[in-house]
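J.: Sharing model_15.csv, CSV, C-alpha atoms:
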chain,number,residue,atom,x,y,z
A,1,MET,CA,0.0,0.0,0.0
A,2,ILE,CA,1.3,3.4,-0.9
A,3,TYR,CA,1.1,6.4,1.4
A,4,LEU,CA,1.1,10.0,0.1
A,5,HIS,CA,0.9,13.3,1.9
A,6,ASP,CA,0.6,16.9,0.6
A,7,GLY,CA,4.3,17.2,-0.2
A,8,HIS,CA,4.0,14.2,-2.5
A,9,ILE,CA,1.0,15.7,-4.2
A,10,ARG,CA,2.9,18.9,-4.8
A,11,ALA,CA,5.8,17.0,-6.2
A,12,LEU,CA,3.5,15.2,-8.6
A,13,GLY,CA,2.2,18.6,-9.8
A,14,ILE,CA,-1.2,20.2,-10.3
A,15,ASP,CA,-2.7,20.0,-13.8
A,16,TRP,CA,-6.0,21.9,-13.6
A,17,ARG,CA,-7.1,20.9,-17.1
A,18,ARG,CA,-6.5,17.2,-16.3
A,19,LEU,CA,-8.2,17.5,-12.9
A,20,THR,CA,-11.2,19.2,-14.5
A,21,ASP,CA,-11.4,16.5,-17.1
A,22,ILE,CA,-11.4,13.8,-14.4
A,23,VAL,CA,-14.4,15.5,-12.7
A,24,GLU,CA,-16.2,15.7,-16.0
A,25,ALA,CA,-15.6,12.0,-16.6
A,26,VAL,CA,-16.9,11.2,-13.2
A,27,VAL,CA,-20.1,13.2,-13.8
A,28,ARG,CA,-20.7,11.2,-17.0
A,29,THR,CA,-19.9,7.9,-15.3
A,30,ARG,CA,-22.3,8.7,-12.5
A,31,GLU,CA,-24.9,9.7,-15.0
A,32,ALA,CA,-24.5,6.3,-16.7
A,33,GLY,CA,-25.4,4.7,-13.3
A,34,GLU,CA,-21.9,3.4,-12.6
A,35,CYS,CA,-21.2,5.1,-9.3
A,36,VAL,CA,-22.3,4.4,-5.8
A,37,HIS,CA,-22.0,7.0,-3.0
A,38,PRO,CA,-24.1,6.6,0.2
A,39,SER,CA,-25.1,9.8,1.9
A,40,LYS,CA,-22.4,11.4,4.0
A,41,THR,CA,-22.2,10.6,7.7
A,42,TYR,CA,-21.5,13.5,10.0
A,43,LEU,CA,-19.7,12.9,13.3
A,44,ARG,CA,-20.2,15.7,15.8
A,45,TYR,CA,-19.2,16.1,19.5
A,46,GLY,CA,-18.3,19.0,21.7
A,47,ASP,CA,-18.3,22.2,19.7
A,48,ALA,CA,-21.3,22.0,17.3
A,49,ARG,CA,-19.4,23.9,14.6
A,50,ASN,CA,-17.0,21.0,14.2
A,51,ARG,CA,-17.6,17.9,12.1
A,52,ILE,CA,-15.8,14.9,10.8
A,53,ILE,CA,-17.5,13.4,7.7
A,54,ALA,CA,-17.3,9.9,6.2
A,55,MET,CA,-17.7,9.7,2.4
A,56,PRO,CA,-17.6,6.2,1.0
A,57,ALA,CA,-17.7,5.9,-2.8
A,58,TYR,CA,-17.3,3.7,-5.8
A,59,VAL,CA,-16.5,5.0,-9.3
A,60,GLY,CA,-17.0,2.5,-12.0
A,61,GLY,CA,-16.6,2.8,-15.8
A,62,ALA,CA,-13.0,3.5,-16.8
A,63,PHE,CA,-12.1,4.3,-13.2
A,64,GLY,CA,-12.8,1.1,-11.3
A,65,LEU,CA,-12.1,2.7,-7.9
A,66,ALA,CA,-13.5,2.3,-4.5
A,67,GLY,CA,-12.6,4.0,-1.2
A,68,ILE,CA,-13.6,6.4,1.5
A,69,LYS,CA,-12.8,10.0,2.4
A,70,TRP,CA,-12.6,10.9,6.1
A,71,VAL,CA,-12.5,14.7,6.3
A,72,ALA,CA,-12.6,17.0,9.4
A,73,GLY,CA,-13.7,20.6,9.3
A,74,PHE,CA,-13.0,22.6,12.4
A,75,PRO,CA,-13.7,26.3,11.7
A,76,GLY,CA,-11.8,27.5,14.7
A,77,ASN,CA,-8.5,25.9,13.7
A,78,PRO,CA,-7.1,29.0,11.9
A,79,ASP,CA,-7.1,30.9,15.1
A,80,LEU,CA,-4.8,28.1,16.5
A,81,GLY,CA,-2.5,28.4,13.5
A,82,LEU,CA,-3.9,25.1,12.1
A,83,PRO,CA,-5.6,24.3,8.8
A,84,ARG,CA,-9.4,24.4,9.0
A,85,ALA,CA,-9.7,21.0,7.2
A,86,HIS,CA,-7.8,17.8,7.6
A,87,SER,CA,-8.6,14.7,5.5
A,88,ALA,CA,-7.5,11.2,4.7
A,89,ILE,CA,-8.5,9.0,1.8
A,90,VAL,CA,-8.2,5.2,1.7
A,91,LEU,CA,-8.4,3.6,-1.8
A,92,ASN,CA,-9.4,-0.1,-2.1
A,93,ASP,CA,-8.9,-2.5,-5.0
A,94,ALA,CA,-12.4,-2.5,-6.4
A,95,GLN,CA,-12.3,-6.3,-7.1
A,96,THR,CA,-10.8,-7.6,-3.9
A,97,GLY,CA,-11.3,-4.8,-1.4
A,98,ARG,CA,-7.6,-4.8,-0.6
A,99,PRO,CA,-6.4,-1.3,0.6
A,100,THR,CA,-4.0,0.1,-2.0
A,101,ALA,CA,-3.4,3.7,-1.0
A,102,VAL,CA,-3.7,6.2,1.8
A,103,ILE,CA,-3.5,9.9,1.1
A,104,SER,CA,-3.5,12.3,3.9
A,105,GLY,CA,-3.5,16.1,4.2
A,106,GLY,CA,-5.9,18.9,3.1
A,107,LEU,CA,-4.5,19.6,-0.3
A,108,LEU,CA,-6.4,16.9,-2.2
A,109,ASN,CA,-9.6,18.2,-0.6
A,110,GLY,CA,-8.9,21.7,-2.0
A,111,LEU,CA,-7.9,20.4,-5.4
A,112,ARG,CA,-11.2,18.5,-5.6
A,113,ALA,CA,-13.2,21.6,-4.6
A,114,ALA,CA,-11.4,23.8,-7.2
A,115,ALA,CA,-11.6,21.2,-9.9
A,116,VAL,CA,-15.4,20.9,-9.5
A,117,SER,CA,-15.6,24.7,-9.7
A,118,GLY,CA,-13.4,24.5,-12.8
A,119,LEU,CA,-15.9,22.2,-14.5
A,120,MET,CA,-18.7,24.6,-13.8
A,121,LEU,CA,-16.5,27.5,-15.0
A,122,ARG,CA,-15.7,25.7,-18.2
A,123,ALA,CA,-19.4,25.0,-18.9
A,124,TYR,CA,-20.2,28.7,-18.1
A,125,MET,CA,-17.5,29.9,-20.5
A,126,LYS,CA,-18.8,27.6,-23.3
A,127,ALA,CA,-22.4,28.8,-22.9
A,128,ARG,CA,-21.8,32.5,-22.4
A,129,ARG,CA,-18.5,33.0,-24.3
A,130,PRO,CA,-17.3,36.1,-22.6
A,131,SER,CA,-14.1,37.5,-24.1
A,132,ALA,CA,-12.9,38.7,-20.7
A,133,VAL,CA,-13.7,37.7,-17.1
A,134,ARG,CA,-13.5,39.8,-13.9
A,135,LEU,CA,-13.0,37.3,-11.0
A,136,GLY,CA,-13.8,37.9,-7.4
A,137,ILE,CA,-12.7,35.6,-4.5
A,138,VAL,CA,-14.1,36.1,-1.1
A,139,GLY,CA,-11.9,34.3,1.5
A,140,TRP,CA,-8.2,34.1,1.0
A,141,GLY,CA,-7.5,30.7,2.6
A,142,PRO,CA,-6.1,27.6,1.0
A,143,VAL,CA,-9.3,26.9,-1.0
A,144,GLY,CA,-9.5,30.5,-2.2
A,145,ARG,CA,-5.9,30.5,-3.3
A,146,LEU,CA,-6.4,27.2,-5.2
A,147,HIS,CA,-9.5,28.8,-6.9
A,148,LEU,CA,-7.4,31.7,-8.2
A,149,GLN,CA,-4.8,29.3,-9.6
A,150,MET,CA,-7.5,27.2,-11.2
A,151,CYS,CA,-9.2,30.2,-12.8
A,152,ALA,CA,-6.0,31.7,-14.0
A,153,ASP,CA,-5.0,28.4,-15.7
A,154,LEU,CA,-8.4,27.6,-17.3
A,155,LEU,CA,-9.2,31.2,-18.3
A,156,GLY,CA,-5.7,32.2,-19.5
A,157,GLU,CA,-5.7,35.6,-21.2
A,158,ARG,CA,-9.4,35.9,-20.7
A,159,LEU,CA,-8.8,36.6,-17.0
A,160,ALA,CA,-8.8,40.4,-17.1
A,161,ARG,CA,-8.8,41.0,-13.3
A,162,ALA,CA,-8.9,39.2,-10.0
A,163,THR,CA,-10.2,40.9,-6.9
A,164,LEU,CA,-9.7,39.4,-3.4
A,165,CYS,CA,-11.1,40.1,0.0
A,166,ASP,CA,-10.9,38.6,3.4
A,167,LEU,CA,-11.8,39.5,7.0
A,168,ARG,CA,-8.1,39.3,7.7
A,169,PRO,CA,-5.6,41.5,5.9
A,170,ILE,CA,-4.3,40.0,2.7
A,171,ASP,CA,-0.5,40.1,2.2
A,172,PRO,CA,0.1,40.9,-1.5
A,173,GLU,CA,3.1,38.6,-1.3
A,174,THR,CA,0.7,35.6,-1.1
A,175,VAL,CA,-0.6,36.3,-4.6
A,176,PRO,CA,1.3,34.3,-7.3
A,177,HIS,CA,3.9,36.5,-8.8
A,178,ASP,CA,2.7,36.1,-12.3
A,179,LEU,CA,-0.8,37.3,-11.3
A,180,ARG,CA,0.0,40.4,-9.3
A,181,GLY,CA,-0.3,42.7,-12.2
A,182,ILE,CA,-4.0,41.9,-12.6
A,183,THR,CA,-4.9,41.3,-8.9
A,184,GLU,CA,-6.3,43.8,-6.5
A,185,ILE,CA,-7.4,43.7,-2.9
A,186,ALA,CA,-10.9,45.0,-2.1
A,187,GLY,CA,-11.9,46.7,1.1
A,188,GLY,CA,-15.0,44.5,1.4
A,189,TRP,CA,-17.2,41.9,-0.3
A,190,ARG,CA,-19.6,44.5,-1.8
A,191,GLU,CA,-17.0,46.2,-3.8
A,192,LEU,CA,-15.7,42.9,-5.1
A,193,TYR,CA,-19.2,41.5,-5.7
A,194,ARG,CA,-20.6,44.4,-7.7
A,195,GLY,CA,-17.6,44.4,-10.2
A,196,ALA,CA,-17.2,40.7,-10.8
A,197,ASP,CA,-18.4,38.3,-13.6
A,198,VAL,CA,-17.4,35.2,-11.6
A,199,VAL,CA,-17.5,35.2,-7.8
A,200,ALA,CA,-16.1,32.3,-5.7
A,201,THR,CA,-17.1,32.4,-2.0
A,202,CYS,CA,-14.4,30.3,-0.1
A,203,THR,CA,-15.1,31.3,3.5
A,204,VAL,CA,-16.0,29.7,6.9
A,205,SER,CA,-18.5,32.5,7.6
A,206,ALA,CA,-20.7,31.8,10.7
A,207,LYS,CA,-23.6,33.8,9.2
A,208,ARG,CA,-24.9,34.7,5.8
A,209,TYR,CA,-23.9,38.2,4.7
A,210,ILE,CA,-24.4,38.5,0.9
A,211,ASP,CA,-27.7,40.3,0.8
A,212,GLU,CA,-27.5,41.9,-2.7
A,213,ARG,CA,-28.8,40.4,-5.9
A,214,PRO,CA,-25.9,39.3,-8.1
A,215,PRO,CA,-24.7,41.1,-11.2
A,216,ALA,CA,-26.5,40.2,-14.4
A,217,GLY,CA,-25.2,37.0,-16.0
A,218,ALA,CA,-22.6,36.3,-13.2
A,219,LEU,CA,-21.4,32.9,-12.2
A,220,LEU,CA,-21.6,32.4,-8.4
A,221,LEU,CA,-19.3,29.6,-7.3
A,222,ASN,CA,-20.8,29.0,-3.8
A,223,VAL,CA,-18.0,26.9,-2.5
A,224,SER,CA,-18.6,27.5,1.2
A,225,LEU,CA,-22.4,27.0,0.8
A,226,ARG,CA,-23.5,29.3,3.6
A,227,ASP,CA,-22.8,32.9,2.4
A,228,TYR,CA,-26.0,34.0,0.7
A,229,VAL,CA,-29.1,35.5,2.3
A,230,PRO,CA,-32.0,33.6,0.6
A,231,ASP,CA,-33.7,36.6,-1.0
A,232,SER,CA,-30.5,37.6,-2.7
A,233,VAL,CA,-30.6,34.5,-5.0
A,234,PHE,CA,-34.2,33.3,-4.8
A,235,LYS,CA,-36.0,33.6,-8.2
A,236,THR,CA,-33.1,35.7,-9.4
A,237,THR,CA,-30.7,33.0,-10.4
A,238,ALA,CA,-30.4,29.7,-12.2
A,239,ALA,CA,-29.5,27.3,-9.4
A,240,VAL,CA,-27.2,24.3,-10.1
A,241,VAL,CA,-26.3,21.6,-7.6
A,242,ASP,CA,-24.1,18.5,-7.7
A,243,ASP,CA,-26.7,16.4,-5.9
A,244,TRP,CA,-29.9,17.9,-4.4
A,245,ALA,CA,-30.3,15.3,-1.6
A,246,GLU,CA,-26.7,15.9,-0.4
A,247,VAL,CA,-26.8,19.7,-0.6
A,248,CYS,CA,-30.3,20.3,0.7
A,249,ARG,CA,-29.2,19.7,4.4
A,250,GLU,CA,-26.7,20.9,7.0
A,251,ASN,CA,-27.9,24.5,6.9
A,252,THR,CA,-26.7,25.2,3.4
A,253,ASP,CA,-28.0,28.0,1.3
A,254,ILE,CA,-30.0,25.5,-0.8
A,255,GLU,CA,-31.6,24.1,2.4
A,256,ARG,CA,-32.5,27.6,3.5
A,257,LEU,CA,-34.1,28.3,0.1
A,258,HIS,CA,-36.0,25.0,0.4
A,259,LEU,CA,-37.2,25.6,4.0
A,260,GLU,CA,-37.8,29.3,3.9
A,261,ARG,CA,-38.9,29.9,0.3
A,262,GLY,CA,-40.2,26.5,-0.7
A,263,MET,CA,-37.6,25.8,-3.4
A,264,GLU,CA,-37.8,22.2,-4.7
A,265,ALA,CA,-35.3,19.9,-6.5
A,266,SER,CA,-37.2,20.4,-9.8
A,267,GLU,CA,-36.3,24.1,-9.7
A,268,ALA,CA,-32.5,23.4,-9.8
A,269,MET,CA,-30.3,22.0,-12.5
A,270,THR,CA,-27.8,19.3,-11.6
A,271,LEU,CA,-24.1,19.3,-12.7
A,272,ALA,CA,-25.1,16.4,-15.0
A,273,ASP,CA,-27.8,18.6,-16.6
A,274,VAL,CA,-25.1,21.2,-17.3
A,275,VAL,CA,-22.4,18.8,-18.5
A,276,CYS,CA,-24.4,16.1,-20.3
A,277,ARG,CA,-27.4,18.0,-21.5
A,278,GLY,CA,-26.2,21.6,-22.1
A,279,GLY,CA,-28.4,23.0,-19.4
A,280,LEU,CA,-26.7,26.4,-19.4
A,281,GLU,CA,-27.2,26.8,-23.2
A,282,GLU,CA,-31.0,27.2,-22.5
A,283,THR,CA,-30.5,29.8,-19.7
A,284,PRO,CA,-30.8,33.4,-20.7
A,285,ALA,CA,-27.4,35.1,-20.8
A,286,ASP,CA,-28.4,37.8,-18.3
A,287,VAL,CA,-29.5,35.3,-15.6
A,288,PRO,CA,-26.9,34.7,-12.9
A,289,VAL,CA,-25.9,31.1,-12.3
A,290,PHE,CA,-25.8,29.9,-8.7
A,291,PHE,CA,-23.6,26.8,-8.3
A,292,ASN,CA,-23.8,24.9,-5.0
A,293,PRO,CA,-21.5,21.9,-4.9
A,294,MET,CA,-21.8,19.9,-1.6
A,295,GLY,CA,-18.8,17.8,-2.7
A,296,LEU,CA,-19.3,14.2,-3.7
A,297,GLY,CA,-17.0,11.4,-2.6
A,298,VAL,CA,-16.8,10.0,-6.2
A,299,PHE,CA,-14.8,13.1,-7.2
A,300,ASP,CA,-12.4,12.7,-4.3
A,301,ILE,CA,-11.9,9.0,-5.0
A,302,ALA,CA,-11.3,9.6,-8.7
A,303,ILE,CA,-8.7,12.4,-8.1
A,304,ALA,CA,-7.0,10.3,-5.4
A,305,GLY,CA,-6.8,7.4,-7.8
A,306,TYR,CA,-5.2,9.6,-10.4
A,307,TYR,CA,-2.5,10.8,-8.0
A,308,ALA,CA,-1.9,7.3,-6.6
A,309,GLU,CA,-1.4,6.0,-10.1
A,310,GLN,CA,1.0,8.8,-11.0
A,311,ALA,CA,2.9,8.3,-7.8
A,312,MET,CA,3.5,4.6,-8.5
A,313,GLU,CA,4.6,5.3,-12.1
A,314,ARG,CA,7.0,8.1,-11.0
A,315,GLY,CA,8.3,6.5,-7.8
A,316,ILE,CA,7.0,9.1,-5.5
A,317,GLY,CA,5.6,8.2,-2.0
A,318,ILE,CA,6.1,5.7,0.8
A,319,VAL,CA,5.3,2.0,0.6
A,320,LEU,CA,3.6,0.6,3.7
A,321,GLU,CA,4.4,-3.0,4.4
A,322,ALA,CA,1.4,-5.3,5.0
A,323,ASP,CA,3.2,-7.3,7.7
A,324,GLY,CA,3.7,-4.2,9.8
A,325,GLY,CA,7.4,-4.0,9.1
A,326,GLU,CA,9.3,-0.8,8.4
A,327,HIS,CA,8.1,1.0,5.3
A,328,ASP,CA,10.3,1.6,2.3
A,329,ARG,CA,10.4,4.6,0.1
A,330,LEU,CA,9.6,4.0,-3.6
A,331,PRO,CA,12.8,4.2,-5.7
A,332,PRO,CA,13.5,7.7,-7.0
A,333,PRO,CA,12.1,8.7,-10.4
A,334,THR,CA,14.5,8.3,-13.3
A,335,GLY,CA,15.0,10.2,-16.6
A,336,ASN,CA,12.7,13.2,-17.0
A,337,SER,CA,10.0,11.9,-14.8
For the structure just supplied, provide its representation as structure tokens.
T.:
Amino acid sequence: MIYLHDGHIRALGIDWRRLTDIVEAVVRTREAGECVHPSKTYLRYGDARNRIIAMPAYVGGAFGLAGIKWVAGFPGNPDLGLPRAHSAIVLNDAQTGRPTAVISGGLLNGLRAAAVSGLMLRAYMKARRPSAVRLGIVGWGPVGRLHLQMCADLLGERLARATLCDLRPIDPETVPHDLRGITEIAGGWRELYRGADVVATCTVSAKRYIDERPPAGALLLNVSLRDYVPDSVFKTTAAVVDDWAEVCRENTDIERLHLERGMEASEAMTLADVVCRGGLEETPADVPVFFNPMGLGVFDIAIAGYYAEQAMERGIGIVLEADGGEHDRLPPPTGNS
């Protein structure tokens, strides 16, 4: 069994186009009925804000992967100098059940979140075809930073401007050097929100604060799921979810829309509707798109499988011995690998 941590993932590299392609392939595999992912189980104790979530999943088709993600979200961790999220993924041989890989650390979790947003961004760009995009990111933590990298890579020269804001002061040195010329720091979310075509909310906000209707035709990547006051998006946007049953719970914005405004599943598109059936093509160009991805284990397992395969091919990672003996590092990569 191979063990990988965040350092190994960074050594293997981040190819946003490849990761977005993986997410799209999983959407199509799931739509074909070849995925299994029971509802997430939430473990809570002590502070009600904290949770550890179990996400078992099987991805069939060309993937043939099974496994489980065990992810902890503790919103108070940043105040202790710790990451908000910690996660571990165990991959199993889909035919025998034998554990084949363990991947720990929060990076893979962030990569999955940004890659799912990337698929939605790609569909939005295909449907709306803007020549230039003004990006706004609320929340400059690890997930917000990955979203900037993803958007810059997928949009290329079409990214005209990136605006950032956070409750904590943002150090300009934390912005990638090649993006500093088009990146600005806003004094608050309203300034950012009113001037953006694509808005990614990547916060751990304890209460909803966005109380304005979105700009016409904007894409709202609601990554943190709990930022929008219901009336700001109710009947003013085209809502998209990855899975209604998953996202319509745990005090998400979609659940608040359901409980307070009577919104039903039939009023939202799914990611499969967008990817497999061109759902955005039928949405008027001036209608904002409100994307709410709860995060499905099938995406995490597929991306983890990709990195585990790359690690084995390139000799990166640590081998864990089945008999409990000392683990051995994989041989170093050779040639240009």
J.: Quick one: residues within 12 Å of Ala308 (chain A), all atoms listed in the file counted, chain neighbours fewer than 2 positions away excluded, as a ChimeraX atom specification?
T.: /A:1-5,8-9,12,65,89-92,100-104,108,301-306,310-319
J.: Under the rule that only C-alpha atoms are counted, which of A:Ala94, A:Ala54, A:Ala85, A:Ala186 is the nearest residue to Trp70 (chain A)?
T.: A:Ala54
J.: When distances are computed from all atoms listed in the file, which of A:Ala245, A:Tyr124, A:Asp79, A:Leu192 shows the smallest separation from Leu296 (chain A)?
T.: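 Ranked by minimum distance to Leu296 (chain A), first place goes to A:Ala245.
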J.: Using all atoms of region 253-266 of chain A that appear in the file, construct an axis-aligned enclosing box with 4 Å of padding on every side and provide its centre coordinates and edge lengths in Å, rounded to one decimal, as JSON.
T.:
{"center_x": -34.1, "center_y": 24.9, "center_z": -2.9, "size_x": 20.2, "size_y": 18.0, "size_z": 21.8}
J.: Calculate how many Å separate CA of Ala160 (chain A) from CA of Val143 (chain A), rounding to one decimal.
T.: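 Interatomic distance, CA of Ala160 (chain A) to CA of Val143 (chain A): 21.0 Å.
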J.: Would you write out, as CSV, a table of all residues in region 67-158 of chain A that have an atom no more than 12 Å from an atom of region 209-217 of chain A, listing for each the closest atom pair and the distance in Å to one decimal, considering all atoms listed in the file and ordering rows by chain and rising residue number?
T.:
residue,atom,partner,partner_atom,distance
A:Tyr124,CA,A:Gly217,CA,9.9
A:Met125,CA,A:Gly217,CA,11.4
A:Ala127,CA,A:Gly217,CA,11.1
A:Arg128,CA,A:Gly217,CA,8.5
A:Arg129,CA,A:Gly217,CA,11.4
A:Pro130,CA,A:Gly217,CA,10.3
A:Val133,CA,A:Gly217,CA,11.6
A:Arg134,CA,A:Pro215,CA,11.6
A:Gly136,CA,A:Pro215,CA,12.0
A:Val138,CA,A:Ile210,CA,10.8
J.: Between CA of Ala162 (chain A) and CA of Glu282 (chain A), what is the spacing in Å?
T.: 28.1 Å
J.: Would you compute the distance between CA of Ala57 (chain A) and CA of Ser266 (chain A)? Give it in Å to one decimal.
T.: 25.3 Å
J.: Using only C-alpha atoms, determine which residues lie at most 10 Å from region 267-275 of chain A, disregarding the query and same-chain residues fewer than 5 positions distant; provide the list as a VMD selection string.
T.: chain A and resid 24 to 31 116 119 to 120 122 to 124 127 235 237 to 244 254 280 to 282 290 to 293
J.: Show me, as a CSV table (one decimal) with C-alpha atoms, keeping the file's coordinate frame, the residues that have an atom within 6 Å of Leu257 (chain A) when counting only C-alpha atoms, minus same-chain residues fewer than 4 positions from it.
T.:
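Saved the output as part-v3.csv:
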chain,number,residue,atom,x,y,z
A,230,PRO,CA,-32.0,33.6,0.6
A,261,ARG,CA,-38.9,29.9,0.3
A,263,MET,CA,-37.6,25.8,-3.4
J.: Regenerate region 44-58 of chain A at the level of N, CA and C atoms and dump it as a short mmCIF file (atom, residue, chain, number, x, y, z; two decimals), keeping the file's coordinate frame.
T.:
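In the end it all went to out-v6.cif:
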data_model
loop_
_atom_site.label_atom_id
_atom_site.label_comp_id
_atom_site.auth_asym_id
_atom_site.auth_seq_id
_atom_site.Cartn_x
_atom_site.Cartn_y
_atom_site.Cartn_z
N ARG A 44 -20.32 14.47 15.08
CA ARG A 44 -20.20 15.70 15.80
C ARG A 44 -20.07 15.40 17.33
N TYR A 45 -19.31 16.22 18.01
CA TYR A 45 -19.20 16.10 19.50
C TYR A 45 -18.60 17.41 19.97
N GLY A 46 -18.88 17.77 21.19
CA GLY A 46 -18.30 19.00 21.70
C GLY A 46 -18.88 20.24 21.00
N ASP A 47 -17.99 21.02 20.42
CA ASP A 47 -18.30 22.20 19.70
C ASP A 47 -19.16 21.86 18.45
N ALA A 48 -20.39 22.35 18.38
CA ALA A 48 -21.30 22.00 17.30
C ALA A 48 -20.83 22.45 15.93
N ARG A 49 -19.89 23.41 15.90
CA ARG A 49 -19.40 23.90 14.60
C ARG A 49 -18.52 22.84 13.93
N ASN A 50 -17.93 21.97 14.71
CA ASN A 50 -17.00 21.00 14.20
C ASN A 50 -17.65 19.76 13.68
N ARG A 51 -17.04 19.14 12.69
CA ARG A 51 -17.60 17.90 12.10
C ARG A 51 -16.51 17.09 11.48
N ILE A 52 -16.69 15.78 11.54
CA ILE A 52 -15.80 14.90 10.80
C ILE A 52 -16.79 14.04 9.91
N ILE A 53 -16.52 13.99 8.63
CA ILE A 53 -17.50 13.40 7.70
C ILE A 53 -16.89 12.20 6.99
N ALA A 54 -17.68 11.14 6.92
CA ALA A 54 -17.30 9.90 6.20
C ALA A 54 -17.98 9.90 4.85
N MET A 55 -17.19 9.69 3.79
CA MET A 55 -17.70 9.70 2.40
C MET A 55 -17.24 8.50 1.64
N PRO A 56 -17.93 7.37 1.78
CA PRO A 56 -17.60 6.20 1.00
C PRO A 56 -18.06 6.34 -0.45
N ALA A 57 -17.34 5.77 -1.39
CA ALA A 57 -17.70 5.90 -2.80
C ALA A 57 -17.11 4.86 -3.66
N TYR A 58 -17.83 4.51 -4.73
CA TYR A 58 -17.30 3.70 -5.80
C TYR A 58 -17.50 4.38 -7.11
#
